[in-house]
Amino acid sequence: MALGRRAARAGPLTLLALLASCGAGQAPAPASRNGPARPWVLLVTLDTTRADAIGPEAPGVETPAFDALARRGRYFRQAYATVPETLPSHASMLTGLYPAGHGVHENARPLPRDHPLLAERLQQAGYQTAAFVSSFVLARRFGLARGFDVYDDALPPGRAERSATETTEQALAYLAHAAAQPLLLWVHYYDPHHPYTPPEPFLSRYGKNPYLGEVAAMD
């Protein structure tokens, strides 16, 4: 698995894990006659998460879950978003193209249908595919849902985002009933955005820097 950290202040940070299995009691996808077992793929993206606010080298904040990913995988200190906005940056991750190639340069501009997405390619290769996103900015109307068997963009009434806890609960509920075939699972978090109001105990623990409290709560 790989943990990427970026130096810019805006745009999403990406964690990518290639898993032989995912969840207690679930076996790896069976090997085909032409090669070894296909890995499960976990893609975790974190909006507005600075490189100096997460991971084992981040000062002043504790992120043990993300630190554990870094210890188990490959850790990149130089990894940059293609553009410091949520939708175009994710469009680049899921198409492999720069914004000039896929045509999305800002939020609320739908991705053209003629650009194939990672989920579509893996779906065609026999993967089940599921996404759980935390912000209206990535709602299915903007084009990133293509190829996902499940695209959970449901938000609480009257809100344009949901917390990492709410999104994680939905993703875990899905995993509890996932089929044995190889899986692409994308989980997106949006927490460290202004206004910075982390839940307790993080609000008290990071009272002088509530942004870091948001990151710690997300972890």
# chains A, B, ... in the order shown; residues from 1 in each chain; ligands from 1

$ select_by_dssp --residues "region 1-214 of chain A" --states "helix (DSSP H, G or I)" --output "ChimeraX atom specification"
/A:51-53,64-72,86-95,99-102,118-124,136-138,140-142,164-175,202-205,210-214

$ write_last_selection --atoms "C-alpha atoms" --output "CSV table (one decimal), in the first residue's frame"
chain,number,residue,atom,x,y,z
A,51,ALA,CA,1.2,17.5,4.4
A,52,ASP,CA,2.4,18.9,7.8
A,53,ALA,CA,-0.9,18.0,9.5
A,64,PRO,CA,-2.3,6.9,14.6
A,65,ALA,CA,-4.6,5.3,12.0
A,66,PHE,CA,-2.8,7.1,9.1
A,67,ASP,CA,0.6,6.5,10.7
A,68,ALA,CA,-0.2,2.8,10.7
A,69,LEU,CA,-0.9,2.9,7.0
A,70,ALA,CA,2.4,4.6,6.5
A,71,ARG,CA,4.3,2.0,8.5
A,72,ARG,CA,2.7,-0.9,6.5
A,86,THR,CA,-11.9,18.9,-4.9
A,87,LEU,CA,-13.8,17.9,-8.0
A,88,PRO,CA,-11.0,18.5,-10.7
A,89,SER,CA,-8.4,16.9,-8.5
A,90,HIS,CA,-10.5,13.7,-8.0
A,91,ALA,CA,-11.3,13.7,-11.7
A,92,SER,CA,-7.6,13.6,-12.3
A,93,MET,CA,-7.1,10.7,-9.9
A,94,LEU,CA,-9.9,8.7,-11.4
A,95,THR,CA,-9.1,9.3,-15.1
A,99,PRO,CA,-7.4,19.0,-15.9
A,100,ALA,CA,-6.4,20.1,-19.4
A,101,GLY,CA,-7.1,16.5,-20.5
A,102,HIS,CA,-10.4,15.8,-18.8
A,118,LEU,CA,-10.9,3.8,-13.0
A,119,ALA,CA,-14.1,2.3,-11.6
A,120,GLU,CA,-15.4,1.6,-15.1
A,121,ARG,CA,-12.2,-0.2,-16.1
A,122,LEU,CA,-12.1,-2.3,-12.9
A,123,GLN,CA,-15.8,-3.1,-13.2
A,124,GLN,CA,-15.2,-4.4,-16.7
A,136,PHE,CA,-21.9,17.6,-2.3
A,137,VAL,CA,-18.9,18.7,-4.3
A,138,LEU,CA,-18.5,15.0,-5.4
A,140,ARG,CA,-23.0,11.8,-8.7
A,141,ARG,CA,-24.4,14.6,-10.9
A,142,PHE,CA,-20.8,15.7,-11.5
A,164,ALA,CA,-15.8,11.1,8.6
A,165,THR,CA,-17.6,9.0,11.3
A,166,GLU,CA,-20.9,9.1,9.3
A,167,THR,CA,-19.1,8.1,6.0
A,168,THR,CA,-17.1,5.4,7.7
A,169,GLU,CA,-20.2,3.8,9.2
A,170,GLN,CA,-21.7,3.5,5.7
A,171,ALA,CA,-18.6,2.1,4.2
A,172,LEU,CA,-18.2,-0.5,7.0
A,173,ALA,CA,-21.9,-1.5,6.7
A,174,TYR,CA,-21.3,-2.1,3.0
A,175,LEU,CA,-18.1,-4.2,3.6
A,202,PHE,CA,-10.5,16.8,20.0
A,203,LEU,CA,-11.9,20.3,20.5
A,204,SER,CA,-10.4,20.5,24.0
A,205,ARG,CA,-7.2,18.8,23.0
A,210,PRO,CA,-8.8,23.4,15.8
A,211,TYR,CA,-7.8,22.7,12.3
A,212,LEU,CA,-5.5,20.0,13.7
A,213,GLY,CA,-8.4,18.9,15.8
A,214,GLU,CA,-10.4,18.3,12.7

$ select_by_dssp --residues "region 124-211 of chain A" --states "strand (DSSP E or B)" --output "list in words"
Gln128, Thr129, Ala130, Ala131, Phe132, Ser135, Val150, Tyr151, Asp152, Glu161, Leu183, Leu184, Leu185, Trp186, Val187, His188 and Tyr189 of chain A

$ write_last_selection --atoms "C-alpha atoms" --output "PDB file, in the first residue's frame"
ATOM      1  CA  GLN A 128     -17.205  -4.905  -7.582  1.00  0.00           C
ATOM      2  CA  THR A 129     -16.955  -1.165  -7.036  1.00  0.00           C
ATOM      3  CA  ALA A 130     -18.244   1.111  -4.265  1.00  0.00           C
ATOM      4  CA  ALA A 131     -17.715   4.749  -3.291  1.00  0.00           C
ATOM      5  CA  PHE A 132     -18.655   6.690  -0.160  1.00  0.00           C
ATOM      6  CA  SER A 135     -19.378  16.304   0.241  1.00  0.00           C
ATOM      7  CA  VAL A 150     -22.654   1.675  -5.248  1.00  0.00           C
ATOM      8  CA  TYR A 151     -22.075   5.436  -5.113  1.00  0.00           C
ATOM      9  CA  ASP A 152     -23.159   6.696  -1.703  1.00  0.00           C
ATOM     10  CA  GLU A 161     -21.236  17.426   3.884  1.00  0.00           C
ATOM     11  CA  LEU A 183     -13.235  -4.881  -4.685  1.00  0.00           C
ATOM     12  CA  LEU A 184     -12.462  -1.243  -5.430  1.00  0.00           C
ATOM     13  CA  LEU A 185     -13.565   0.815  -2.423  1.00  0.00           C
ATOM     14  CA  TRP A 186     -13.212   4.610  -2.476  1.00  0.00           C
ATOM     15  CA  VAL A 187     -13.810   6.518   0.772  1.00  0.00           C
ATOM     16  CA  HIS A 188     -13.642  10.319   0.748  1.00  0.00           C
ATOM     17  CA  TYR A 189     -13.428  12.586   3.810  1.00  0.00           C
TER      18      TYR A 189
END

$ closest_residue --among "A:Ala216, A:Leu97, A:Leu117, A:Val61" --to "Gly147 (chain A)" --atoms "only C-alpha atoms"
A:Leu117

$ closest_residue --among "A:Pro201, A:Pro112, A:Asp47, A:Val83" --to "Ser163 (chain A)" --atoms "only C-alpha atoms"
A:Asp47

$ atom_distance --atom1 "CA of Pro39 (chain A)" --atom2 "CA of Leu111 (chain A)"
27.7 Å

$ atom_distance --atom1 "CA of Ala125 (chain A)" --atom2 "CA of Leu144 (chain A)"
18.3 Å

$ atom_distance --atom1 "CA of Gly73 (chain A)" --atom2 "CA of His193 (chain A)"
27.4 Å

$ closest_residue --among "A:Tyr127, A:Tyr75, A:Tyr190, A:Thr45" --to "Glu57 (chain A)" --atoms "only C-alpha atoms"
A:Tyr75
